[in-house]
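J.: Provided herewith is a single structure, encoded as structure tokens, for subsequent inquiry.
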Amino acid sequence: MNKNDCIIRLERTEDFREVEFLVRESFWNVYRPGCSEHYVIHALRDDPAFVKELDFVMEKDGRLIGQNMFKQTVINADDGRDVPVLTMGPIGITPELKRKGYGKRLLDHSLEQAAALGYGAVLFEGNIGFYGKSGFDYARRFGIRYHDLPEGADDSFFLCRELIPGYLDGVTGVYQTPRGYYVDDAEVEEFDKAFPYKEKLRLPGQIF
Ligand SMILES: CC(C)(COP(=O)(O)OP(=O)(O)OC[C@H]1O[C@@H](n2cnc3c(N)ncnc32)[C@H](O)[C@@H]1OP(=O)(O)O)[C@@H](O)C(=O)NCCC(=O)NCCS
């Protein structure tokens, strides 16, 4: 990847539809037949937890090829505190440009900007194969548990990276996914009708 062949900038109102289209293409049939992420970002932009200063798009040759966004949430610490942290995503790269380094570049830039704004840590659900290359580790190693996960259940999807070194020192507790990520399937179906038809397929590797 040529480092100068694209720019990363904040999303603008006039990008919204193109970004939703991009996210739909990027996630379609990856984790489930079809996807809900294009509706999730549509809904999250109006959520009070949404961080406008960290709402990024990647532009190449006049079109959008990637996006990433952050929300504020908390760790309910075992000592009673609510420790403010960020959560991230969805992050997506247009299908024909996946695995060429654009995702990592967008991720690393986003994290640098989040650190520059003074945020202490980022936690979310993801694949260590991709995020591990940008400094993420399993959240359990920081003493943070995923909400509603039974004792002993596989938590290897739950990742964490400190943006301020030592930010989570002395913190153990339960991370909360912002409510805005939970969307109603019927609303997703309705929203999806405004996009061109795409076939939903049951494919190996899907998790829902
Ligand atoms: C996940 C995604 C954002 C990664 O972006 P990308 O541009 O394809 O990834 P990159 O080329 O920057 O990959 C960087 C490194 O991570 C690895 N990687 C990328 N995706 C991976 C995956 N799904 N599993 C394991 N490793 C992965 C790459 O092999 C690469 O390693 P290398 O530098 O040693 O070659 C992109 O593939 C995508 O949009 N996927 C569909 C939507 C999605 O799953 N989003 C994430 C939700 S948590």
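So you can find residues: chains in the structure tokens are A, B, ... in the order shown, residues in each start at 1, and ligands are numbered from 1 in order.
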Can you list, as a list of chain:residue names, every protein, DNA or RNA residue that comes within 7 Å of Cys6 in chain A when you count only C-alpha atoms, leaving out same-chain residues fewer than 6 positions away?
T.: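 Those residues are A:Met58, A:Glu59, A:Lys60.
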J.: Produce a file of the selected residues containing all heavy atoms, as an mmCIF file, in the first residue's frame.
T.:
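Wrote again_35.cif, looks like this:
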data_model
loop_
_atom_site.group_PDB
_atom_site.id
_atom_site.type_symbol
_atom_site.label_atom_id
_atom_site.label_comp_id
_atom_site.auth_asym_id
_atom_site.auth_seq_id
_atom_site.Cartn_x
_atom_site.Cartn_y
_atom_site.Cartn_z
ATOM 1 N N MET A 58 -11.950 7.043 5.479
ATOM 2 C CA MET A 58 -10.729 6.959 4.674
ATOM 3 C C MET A 58 -11.152 7.165 3.230
ATOM 4 O O MET A 58 -12.088 6.502 2.755
ATOM 5 C CB MET A 58 -10.114 5.579 4.877
ATOM 6 C CG MET A 58 -8.750 5.409 4.312
ATOM 7 S SD MET A 58 -8.111 3.795 4.872
ATOM 8 C CE MET A 58 -6.461 4.250 5.338
ATOM 9 N N GLU A 59 -10.480 8.103 2.544
ATOM 10 C CA GLU A 59 -10.876 8.474 1.185
ATOM 11 C C GLU A 59 -9.737 8.184 0.223
ATOM 12 O O GLU A 59 -8.585 8.532 0.492
ATOM 13 C CB GLU A 59 -11.229 9.963 1.178
ATOM 14 C CG GLU A 59 -11.787 10.467 -0.115
ATOM 15 C CD GLU A 59 -12.151 11.960 -0.035
ATOM 16 O OE1 GLU A 59 -12.518 12.452 1.060
ATOM 17 O OE2 GLU A 59 -12.011 12.621 -1.075
ATOM 18 N N LYS A 60 -10.062 7.548 -0.889
ATOM 19 C CA LYS A 60 -9.056 7.219 -1.904
ATOM 20 C C LYS A 60 -9.659 7.495 -3.272
ATOM 21 O O LYS A 60 -10.751 7.002 -3.571
ATOM 22 C CB LYS A 60 -8.663 5.748 -1.775
ATOM 23 C CG LYS A 60 -7.645 5.247 -2.770
ATOM 24 C CD LYS A 60 -7.310 3.782 -2.423
ATOM 25 C CE LYS A 60 -6.509 3.008 -3.399
ATOM 26 N NZ LYS A 60 -5.935 3.564 -4.534
#
J.: Would you mind listing the residues within 10 Å of ligand 1, counting only C-alpha atoms and all ligand atoms, as a ChimeraX atom specification?
T.: /A:1,22-31,37,65-68,88-108,124-134,157
J.: Please provide as a PDB file with all heavy atoms, in the first residue's frame all residues within 10 Å of Asp155 in chain A, with the sequence filter that same-chain residues fewer than 2 positions apart are discarded (counting only C-alpha atoms).
T.:
ATOM      1  N   GLU A 125     -15.186  -5.843  21.169  1.00  0.00           N
ATOM      2  CA  GLU A 125     -15.195  -7.227  20.711  1.00  0.00           C
ATOM      3  C   GLU A 125     -14.498  -7.273  19.355  1.00  0.00           C
ATOM      4  O   GLU A 125     -14.839  -6.493  18.470  1.00  0.00           O
ATOM      5  CB  GLU A 125     -16.640  -7.737  20.539  1.00  0.00           C
ATOM      6  CG  GLU A 125     -17.535  -7.562  21.744  1.00  0.00           C
ATOM      7  CD  GLU A 125     -18.240  -6.207  21.777  1.00  0.00           C
ATOM      8  OE1 GLU A 125     -17.851  -5.291  21.006  1.00  0.00           O
ATOM      9  OE2 GLU A 125     -19.165  -6.041  22.589  1.00  0.00           O
ATOM     10  N   TYR A 138      -5.928  -9.370  25.173  1.00  0.00           N
ATOM     11  CA  TYR A 138      -7.181  -9.843  25.758  1.00  0.00           C
ATOM     12  C   TYR A 138      -7.508  -8.995  26.998  1.00  0.00           C
ATOM     13  O   TYR A 138      -6.643  -8.774  27.857  1.00  0.00           O
ATOM     14  CB  TYR A 138      -7.060 -11.309  26.162  1.00  0.00           C
ATOM     15  CG  TYR A 138      -6.760 -12.202  24.978  1.00  0.00           C
ATOM     16  CD1 TYR A 138      -5.549 -12.877  24.866  1.00  0.00           C
ATOM     17  CD2 TYR A 138      -7.698 -12.350  23.950  1.00  0.00           C
ATOM     18  CE1 TYR A 138      -5.275 -13.685  23.772  1.00  0.00           C
ATOM     19  CE2 TYR A 138      -7.434 -13.148  22.847  1.00  0.00           C
ATOM     20  CZ  TYR A 138      -6.224 -13.812  22.763  1.00  0.00           C
ATOM     21  OH  TYR A 138      -5.953 -14.596  21.669  1.00  0.00           O
ATOM     22  N   ALA A 139      -8.759  -8.545  27.081  1.00  0.00           N
ATOM     23  CA  ALA A 139      -9.141  -7.656  28.185  1.00  0.00           C
ATOM     24  C   ALA A 139      -8.990  -8.337  29.539  1.00  0.00           C
ATOM     25  O   ALA A 139      -8.739  -7.679  30.550  1.00  0.00           O
ATOM     26  CB  ALA A 139     -10.582  -7.183  27.978  1.00  0.00           C
ATOM     27  N   ARG A 140      -9.134  -9.667  29.558  1.00  0.00           N
ATOM     28  CA  ARG A 140      -8.995 -10.384  30.849  1.00  0.00           C
ATOM     29  C   ARG A 140      -7.621 -10.136  31.457  1.00  0.00           C
ATOM     30  O   ARG A 140      -7.466 -10.146  32.673  1.00  0.00           O
ATOM     31  CB  ARG A 140      -9.261 -11.874  30.651  1.00  0.00           C
ATOM     32  CG  ARG A 140      -8.112 -12.683  30.079  1.00  0.00           C
ATOM     33  CD  ARG A 140      -8.403 -14.177  30.102  1.00  0.00           C
ATOM     34  NE  ARG A 140      -9.069 -14.624  28.897  1.00  0.00           N
ATOM     35  CZ  ARG A 140      -8.408 -15.004  27.778  1.00  0.00           C
ATOM     36  NH1 ARG A 140      -7.078 -14.950  27.721  1.00  0.00           N
ATOM     37  NH2 ARG A 140      -9.078 -15.420  26.733  1.00  0.00           N
ATOM     38  N   ARG A 145     -13.770  -7.787  32.817  1.00  0.00           N
ATOM     39  CA  ARG A 145     -14.683  -8.860  32.398  1.00  0.00           C
ATOM     40  C   ARG A 145     -15.755  -8.308  31.467  1.00  0.00           C
ATOM     41  O   ARG A 145     -16.123  -7.129  31.571  1.00  0.00           O
ATOM     42  CB  ARG A 145     -15.332  -9.503  33.641  1.00  0.00           C
ATOM     43  CG  ARG A 145     -14.309  -9.942  34.679  1.00  0.00           C
ATOM     44  CD  ARG A 145     -14.942 -10.611  35.885  1.00  0.00           C
ATOM     45  NE  ARG A 145     -15.849  -9.781  36.662  1.00  0.00           N
ATOM     46  CZ  ARG A 145     -15.469  -8.870  37.573  1.00  0.00           C
ATOM     47  NH1 ARG A 145     -14.186  -8.644  37.805  1.00  0.00           N
ATOM     48  NH2 ARG A 145     -16.373  -8.182  38.255  1.00  0.00           N
ATOM     49  N   TYR A 146     -16.239  -9.169  30.602  1.00  0.00           N
ATOM     50  CA  TYR A 146     -17.291  -8.768  29.652  1.00  0.00           C
ATOM     51  C   TYR A 146     -18.646  -8.970  30.307  1.00  0.00           C
ATOM     52  O   TYR A 146     -18.901 -10.023  30.903  1.00  0.00           O
ATOM     53  CB  TYR A 146     -17.182  -9.619  28.383  1.00  0.00           C
ATOM     54  CG  TYR A 146     -17.981  -9.086  27.222  1.00  0.00           C
ATOM     55  CD1 TYR A 146     -17.521  -7.989  26.497  1.00  0.00           C
ATOM     56  CD2 TYR A 146     -19.183  -9.679  26.854  1.00  0.00           C
ATOM     57  CE1 TYR A 146     -18.258  -7.499  25.421  1.00  0.00           C
ATOM     58  CE2 TYR A 146     -19.921  -9.189  25.779  1.00  0.00           C
ATOM     59  CZ  TYR A 146     -19.441  -8.104  25.077  1.00  0.00           C
ATOM     60  OH  TYR A 146     -20.163  -7.617  24.019  1.00  0.00           O
ATOM     61  N   LEU A 149     -21.331 -12.364  30.626  1.00  0.00           N
ATOM     62  CA  LEU A 149     -20.672 -13.582  30.138  1.00  0.00           C
ATOM     63  C   LEU A 149     -20.540 -14.549  31.311  1.00  0.00           C
ATOM     64  O   LEU A 149     -19.976 -14.203  32.346  1.00  0.00           O
ATOM     65  CB  LEU A 149     -19.288 -13.207  29.597  1.00  0.00           C
ATOM     66  CG  LEU A 149     -18.661 -14.173  28.603  1.00  0.00           C
ATOM     67  CD1 LEU A 149     -19.518 -14.274  27.342  1.00  0.00           C
ATOM     68  CD2 LEU A 149     -17.254 -13.709  28.237  1.00  0.00           C
ATOM     69  N   PRO A 150     -21.056 -15.786  31.137  1.00  0.00           N
ATOM     70  CA  PRO A 150     -20.984 -16.735  32.252  1.00  0.00           C
ATOM     71  C   PRO A 150     -19.531 -17.045  32.618  1.00  0.00           C
ATOM     72  O   PRO A 150     -18.662 -17.026  31.747  1.00  0.00           O
ATOM     73  CB  PRO A 150     -21.673 -17.990  31.706  1.00  0.00           C
ATOM     74  CG  PRO A 150     -22.382 -17.582  30.460  1.00  0.00           C
ATOM     75  CD  PRO A 150     -21.723 -16.348  29.961  1.00  0.00           C
ATOM     76  N   GLU A 151     -19.313 -17.331  33.879  1.00  0.00           N
ATOM     77  CA  GLU A 151     -17.986 -17.708  34.389  1.00  0.00           C
ATOM     78  C   GLU A 151     -17.410 -18.856  33.548  1.00  0.00           C
ATOM     79  O   GLU A 151     -18.114 -19.835  33.272  1.00  0.00           O
ATOM     80  CB  GLU A 151     -18.170 -18.175  35.848  1.00  0.00           C
ATOM     81  CG  GLU A 151     -16.901 -18.501  36.585  1.00  0.00           C
ATOM     82  CD  GLU A 151     -16.365 -17.289  37.346  1.00  0.00           C
ATOM     83  OE1 GLU A 151     -17.183 -16.437  37.754  1.00  0.00           O
ATOM     84  OE2 GLU A 151     -15.144 -17.232  37.531  1.00  0.00           O
ATOM     85  N   GLY A 152     -16.175 -18.730  33.104  1.00  0.00           N
ATOM     86  CA  GLY A 152     -15.527 -19.810  32.359  1.00  0.00           C
ATOM     87  C   GLY A 152     -15.810 -19.797  30.862  1.00  0.00           C
ATOM     88  O   GLY A 152     -15.229 -20.583  30.106  1.00  0.00           O
ATOM     89  N   ALA A 153     -16.707 -18.908  30.391  1.00  0.00           N
ATOM     90  CA  ALA A 153     -17.015 -18.850  28.958  1.00  0.00           C
ATOM     91  C   ALA A 153     -15.829 -18.242  28.201  1.00  0.00           C
ATOM     92  O   ALA A 153     -15.026 -17.502  28.779  1.00  0.00           O
ATOM     93  CB  ALA A 153     -18.263 -18.011  28.731  1.00  0.00           C
ATOM     94  N   PHE A 157     -12.674 -12.974  22.501  1.00  0.00           N
ATOM     95  CA  PHE A 157     -13.129 -11.939  21.565  1.00  0.00           C
ATOM     96  C   PHE A 157     -13.041 -10.545  22.184  1.00  0.00           C
ATOM     97  O   PHE A 157     -13.178  -9.536  21.495  1.00  0.00           O
ATOM     98  CB  PHE A 157     -14.594 -12.199  21.162  1.00  0.00           C
ATOM     99  CG  PHE A 157     -15.534 -12.089  22.326  1.00  0.00           C
ATOM    100  CD1 PHE A 157     -16.101 -10.875  22.684  1.00  0.00           C
ATOM    101  CD2 PHE A 157     -15.813 -13.199  23.123  1.00  0.00           C
ATOM    102  CE1 PHE A 157     -16.939 -10.758  23.776  1.00  0.00           C
ATOM    103  CE2 PHE A 157     -16.652 -13.103  24.222  1.00  0.00           C
ATOM    104  CZ  PHE A 157     -17.214 -11.876  24.552  1.00  0.00           C
ATOM    105  N   PHE A 158     -12.847 -10.494  23.495  1.00  0.00           N
ATOM    106  CA  PHE A 158     -12.961  -9.225  24.221  1.00  0.00           C
ATOM    107  C   PHE A 158     -11.566  -8.635  24.433  1.00  0.00           C
ATOM    108  O   PHE A 158     -10.740  -9.203  25.148  1.00  0.00           O
ATOM    109  CB  PHE A 158     -13.682  -9.494  25.552  1.00  0.00           C
ATOM    110  CG  PHE A 158     -13.866  -8.293  26.412  1.00  0.00           C
ATOM    111  CD1 PHE A 158     -14.176  -7.054  25.863  1.00  0.00           C
ATOM    112  CD2 PHE A 158     -13.733  -8.395  27.786  1.00  0.00           C
ATOM    113  CE1 PHE A 158     -14.340  -5.939  26.659  1.00  0.00           C
ATOM    114  CE2 PHE A 158     -13.897  -7.295  28.601  1.00  0.00           C
ATOM    115  CZ  PHE A 158     -14.197  -6.065  28.029  1.00  0.00           C
ATOM    116  N   LEU A 159     -11.321  -7.496  23.787  1.00  0.00           N
ATOM    117  CA  LEU A 159      -9.965  -6.953  23.673  1.00  0.00           C
ATOM    118  C   LEU A 159      -9.847  -5.581  24.327  1.00  0.00           C
ATOM    119  O   LEU A 159     -10.844  -4.867  24.489  1.00  0.00           O
ATOM    120  CB  LEU A 159      -9.588  -6.831  22.190  1.00  0.00           C
ATOM    121  CG  LEU A 159      -9.796  -8.086  21.340  1.00  0.00           C
ATOM    122  CD1 LEU A 159      -9.394  -7.801  19.890  1.00  0.00           C
ATOM    123  CD2 LEU A 159      -9.021  -9.276  21.899  1.00  0.00           C
TER     124      LEU A 159
END
J.: Just want the 9 Å neighbourhood of Gly143 in chain A, counted on only C-alpha atoms, with same-chain residues fewer than 4 positions away dropped. Output as a PDB file with C-alpha atoms, in the first residue's frame.
T.:
ATOM      1  CA  ALA A 139      -9.141  -7.656  28.185  1.00  0.00           C
ATOM      2  CA  LEU A 168      -6.192   0.456  34.094  1.00  0.00           C
ATOM      3  CA  GLY A 170      -5.596  -1.176  39.963  1.00  0.00           C
ATOM      4  CA  VAL A 171      -8.882  -1.442  38.049  1.00  0.00           C
ATOM      5  CA  THR A 172     -10.859  -4.685  37.880  1.00  0.00           C
ATOM      6  CA  GLY A 173     -14.471  -4.777  36.834  1.00  0.00           C
ATOM      7  CA  VAL A 174     -17.104  -5.272  34.184  1.00  0.00           C
TER       8      VAL A 174
END
J.: Smallest atom-to-atom distance to Asp55 in chain A: which of A:Tyr39, A:Phe21, A:Phe16, A:Tyr181, using only C-alpha atoms?
T.: A:Phe16
J.: When you count only C-alpha atoms, which of these residues is closest to Phe50 in chain A: A:Ala116, A:Cys35, A:Ile75, A:Leu86?
T.: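 Closest residue, counting only C-alpha atoms: A:Leu86.
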J.: Work out how far apart CA of Asp15 in chain A and CA of Val40 in chain A are and give it in Å to one decimal.
T.: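 It comes out at 15.7 Å.
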J.: Can you pull out the residues contacting Ala121 in chain A? Cut-off 6 Å, using only C-alpha atoms, and skip same-chain residues under 5 positions away; I want them as a compact mmCIF listing (two decimals) with all heavy atoms, in the first residue's frame.
T.:
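Heads up, here's the output in part_30.txt:
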# COMPACT_ATOMS: atom_id res chain seq x y z
N VAL A 85 -14.13 4.82 29.61
CA VAL A 85 -13.29 4.25 28.56
C VAL A 85 -14.00 4.47 27.23
O VAL A 85 -15.15 4.91 27.19
CB VAL A 85 -13.03 2.73 28.75
CG1 VAL A 85 -12.17 2.48 29.97
CG2 VAL A 85 -14.33 1.95 28.83
N ARG A 161 -6.97 -2.09 24.84
CA ARG A 161 -5.68 -1.41 24.70
C ARG A 161 -5.70 -0.14 25.53
O ARG A 161 -6.66 0.65 25.43
CB ARG A 161 -5.39 -1.06 23.24
CG ARG A 161 -3.99 -0.49 23.09
CD ARG A 161 -3.66 -0.04 21.70
NE ARG A 161 -2.96 1.24 21.81
CZ ARG A 161 -2.38 1.86 20.80
NH1 ARG A 161 -2.41 1.34 19.59
NH2 ARG A 161 -1.79 3.02 20.99
N GLU A 162 -4.69 0.03 26.34
CA GLU A 162 -4.56 1.29 27.07
C GLU A 162 -4.03 2.36 26.12
O GLU A 162 -3.12 2.09 25.34
CB GLU A 162 -3.58 1.13 28.23
CG GLU A 162 -4.14 0.34 29.39
CD GLU A 162 -3.19 0.24 30.57
OE1 GLU A 162 -1.95 0.27 30.34
OE2 GLU A 162 -3.65 0.12 31.70
N LEU A 163 -4.58 3.55 26.20
CA LEU A 163 -4.06 4.69 25.44
C LEU A 163 -3.15 5.52 26.33
O LEU A 163 -2.22 6.17 25.86
CB LEU A 163 -5.21 5.53 24.89
CG LEU A 163 -6.16 4.80 23.94
CD1 LEU A 163 -7.34 5.69 23.57
CD2 LEU A 163 -5.43 4.34 22.69
J.: Apply DSSP to the structure's backbone, then extract all residues of range 33-109 of chain A labelled strand (DSSP E) and return them as a PyMOL selection string.
T.: chain A and resi 56-60+63-68+70-77+82-88+92-93
J.: Which residues are near Ala186 in chain A? Cut-off 12 Å, only C-alpha atoms, ignore same chain within fewer than 4 positions. Put them as an MDAnalysis selection string.
T.: chainID A and resid 36 39 190:193
